[in-house]
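Have a look at the structure below, then the notes.
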Amino acid sequence: MLNMSSKGLSRGLFSALLFSALLPSLFMGVGHAAQTTDIGLLWKLESPTGKVSHLFGTMHSDDPRINDFSPALKQALKDSEAFMMEVLPASDPGIYLMENGENLHELMTEKEIEKVLELAEVHSMHRDAALTMKPWLLAMIFDLPKPQSPFTQDVMLYSMAQSQGMEVLGLEDTKEHFESLDSFSREEQLTMLRAVLKRTQKEKEKDFEALLKAYLTGDTAKIGLLDDDITGGMLPKALWQKMRVKLLDERNVRMAERIVGEANQNPVFIAVGASHLAGKGGLLERLRAAGYKISKIE
């Protein structure tokens, strides 16, 4: 069962990971239409200083079908001196919880609480953790299929980098990472959670399969269309638009700046949710504007 230690909560952090994660429905990652030439997951980045780095679009899931890494990806990781991921594991488990000792019993109906506890059991989460966790984070975890293992794609890459003795960096610190959704009002967060509570496990699994197929072909444009179709129909339009800006657009600016700052100095392997890569305002476009020569590997 998931407990309140940082070890117990780290599974929630990495399986959801967190905001732009390529996941079913509400939190899978918001995509703009991708350019045809930007369909792909692994990219070679040549900086204006001559350093060669690699950018890989991830799917924040523990599904074994995405964890059979290609020889090209393994070589790219081996050739790098540093590893960058969206955020490093949080050291303070309190960051996952609502402030001032709030409890969902004070915010939701008894019928909704019953559903929360039912899903907590599915996701091997302690009841107390579920009832005191931030609603947006709880929604993100509950919108996933039933977990199969603690080894998400991001965790596996992180572990591989550590085993190679690489420097490991976050594109955002924990505070920045959480602020993107902490900035939503309590009512907005509850709207997200209630939207997820209405979904059946069969619906989640069906949507996940559609996203997985799009991911395996590197089709980020298809991912964006699926997101609009699934999530756009679940939430009020204004909230959906706000999420698009907060979870993708604003974060892409910050992440691109930090990639440039590191990749101009050292060969780096960057692992980031695939929805961040392509399209207007995506990382590939921003890196081109910063003078990088970009070529698709796979």
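Numbering starts fresh at 1 for the residues of each chain in the structure tokens, the chains themselves are lettered A, B, ... in the order given, and ligands are numbered from 1 as they appear.
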Hey, which bits of region 203-255 of chain A sit within 12 Å of region 59-77 of chain A, and for each residue what's the closest pair of atoms and how far apart in Å (one decimal), counting only C-alpha atoms, rows by chain and increasing number, as a tab-separated table?
residue	atom	partner	partner_atom	distance
A:Glu205	CA	A:Asp63	CA	11.6
A:Phe208	CA	A:Ser61	CA	9.9
A:Glu209	CA	A:Asp63	CA	10.3
A:Leu211	CA	A:Met59	CA	9.4
A:Leu212	CA	A:Met59	CA	8.3
A:Lys213	CA	A:Arg65	CA	10.1
A:Ala214	CA	A:Met59	CA	10.8
A:Tyr215	CA	A:Met59	CA	7.5
A:Leu216	CA	A:Ile66	CA	7.5
A:Thr217	CA	A:Ile66	CA	11.1
A:Gly218	CA	A:Met59	CA	10.7
A:Thr220	CA	A:Met59	CA	11.3
A:Ile223	CA	A:Met59	CA	11.1
Report as JSON lines: every residue of region 125-187 of chain A with an atom at most 10 Å from region 248-264 of chain A, its closest pair of atoms, and their distance in Å to one decimal, counting only C-alpha atoms, with rows sorted by chain and ascending residue number.
{"residue": "A:Leu169", "atom": "CA", "partner": "A:Glu262", "partner_atom": "CA", "distance": 9.6}
{"residue": "A:Gly170", "atom": "CA", "partner": "A:Arg258", "partner_atom": "CA", "distance": 9.2}
{"residue": "A:Leu171", "atom": "CA", "partner": "A:Met255", "partner_atom": "CA", "distance": 5.6}
{"residue": "A:Glu172", "atom": "CA", "partner": "A:Met255", "partner_atom": "CA", "distance": 7.2}
{"residue": "A:Glu176", "atom": "CA", "partner": "A:Arg251", "partner_atom": "CA", "distance": 9.3}
{"residue": "A:His177", "atom": "CA", "partner": "A:Arg251", "partner_atom": "CA", "distance": 8.8}
{"residue": "A:Ser180", "atom": "CA", "partner": "A:Arg251", "partner_atom": "CA", "distance": 8.3}
Using only C-alpha atoms, can you tell me which of A:Phe83, A:Trp43, A:Phe178, A:Trp240 comes closest to Ser295 (chain A)? A:Trp43
Go through A:Thr191, A:Thr132, A:Ser53, A:Thr58 and flag the residue nearest Asp154 (chain A), using only C-alpha atoms for the distances.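 The shortest atom-to-atom distance to Asp154 (chain A) comes from A:Thr58.
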List the spatial neighbours of Gln162 (chain A) as a ChimeraX atom specification - criterion: any atom at most 12 Å away, only C-alpha atoms, same-chain residues fewer than 6 positions off excluded. /A:77-78,81-84,155-156,168-169
Write a file of the just-selected residues containing N, CA and C atoms, as a PDB file, in the first residue's frame.
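Final file, out-v7.pdb:
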ATOM      1  N   LEU A  77      22.375   7.777 -25.012  1.00  0.00           N
ATOM      2  CA  LEU A  77      22.535   7.959 -23.574  1.00  0.00           C
ATOM      3  C   LEU A  77      23.995   7.747 -23.168  1.00  0.00           C
ATOM      4  N   LYS A  78      24.609   6.739 -23.747  1.00  0.00           N
ATOM      5  CA  LYS A  78      26.007   6.429 -23.431  1.00  0.00           C
ATOM      6  C   LYS A  78      26.942   7.561 -23.841  1.00  0.00           C
ATOM      7  N   GLU A  81      27.039  13.262 -21.335  1.00  0.00           N
ATOM      8  CA  GLU A  81      27.691  13.496 -20.048  1.00  0.00           C
ATOM      9  C   GLU A  81      26.693  13.822 -18.940  1.00  0.00           C
ATOM     10  N   ALA A  82      25.519  14.314 -19.327  1.00  0.00           N
ATOM     11  CA  ALA A  82      24.496  14.666 -18.339  1.00  0.00           C
ATOM     12  C   ALA A  82      23.135  14.176 -18.819  1.00  0.00           C
ATOM     13  N   PHE A  83      22.246  13.945 -17.867  1.00  0.00           N
ATOM     14  CA  PHE A  83      20.890  13.487 -18.146  1.00  0.00           C
ATOM     15  C   PHE A  83      19.920  14.507 -17.564  1.00  0.00           C
ATOM     16  N   MET A  84      18.976  14.980 -18.387  1.00  0.00           N
ATOM     17  CA  MET A  84      17.975  15.941 -17.921  1.00  0.00           C
ATOM     18  C   MET A  84      16.586  15.335 -18.059  1.00  0.00           C
ATOM     19  N   VAL A 155      11.603   6.531 -15.067  1.00  0.00           N
ATOM     20  CA  VAL A 155      12.393   5.958 -13.983  1.00  0.00           C
ATOM     21  C   VAL A 155      13.489   5.064 -14.546  1.00  0.00           C
ATOM     22  N   MET A 156      13.170   4.299 -15.576  1.00  0.00           N
ATOM     23  CA  MET A 156      14.167   3.413 -16.171  1.00  0.00           C
ATOM     24  C   MET A 156      15.314   4.216 -16.780  1.00  0.00           C
ATOM     25  N   VAL A 168      22.807  14.086 -13.154  1.00  0.00           N
ATOM     26  CA  VAL A 168      21.359  14.063 -13.373  1.00  0.00           C
ATOM     27  C   VAL A 168      20.776  15.404 -12.964  1.00  0.00           C
ATOM     28  N   LEU A 169      20.035  16.028 -13.884  1.00  0.00           N
ATOM     29  CA  LEU A 169      19.495  17.371 -13.675  1.00  0.00           C
ATOM     30  C   LEU A 169      17.997  17.393 -13.950  1.00  0.00           C
TER      31      LEU A 169
END
When you look at region 194-204 of chain A with a cut-off of 9 Å (counting only C-alpha atoms), what residues show up, excluding the ones that are within fewer than 6 positions of it in the same chain? I need them as a ChimeraX atom specification. /A:24-26,112,115-116,119,139-140,142-146,234-235
Long-range neighbours of region 94-105 of chain A as an MDAnalysis selection string, 7 Å cut-off, only C-alpha atoms, 3 positions minimum in chain: chainID A and resid 108 113 131:134
Using only C-alpha atoms, which of the listed residues (A:Leu190, A:Val122, A:Ala161, A:Leu181) sits closest to Lys242 (chain A)?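 The closest residue to Lys242 (chain A) is A:Leu181.
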DSSP on the backbone: what in region 86-237 of chain A comes out alpha helix (DSSP H), as a PyMOL selection string? chain A and resi 110-122+127-132+135-142+153-163+174-182+186-197+201-216+220-230+237
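Atom to atom, CA of Phe56 (chain A) and CA of Met160 (chain A) stand 14.3 Å apart.
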Identify, on the basis of only C-alpha atoms, every residue whose closest approach to Leu193 (chain A) does not exceed 7 Å; exclude the query and any residue fewer than 5 positions from it along the same chain; express the result as number ranges by chain. A: 135-136, 138-139
Once DSSP has gone over the backbone, tell me which residues of region 101-236 of chain A are in strand (DSSP E or B), as a PyMOL selection string. chain A and resi 125+133+167-170
Considering only C-alpha atoms, can you say which of A:Lys246, A:Leu42, A:Pro150, A:Asp207 comes closest to Asp229 (chain A)?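 Under the stated criterion, the closest residue is A:Asp207.
One distance worth recording is that between CA of Arg244 (chain A) and CA of Ala90 (chain A), which is 24.2 Å.
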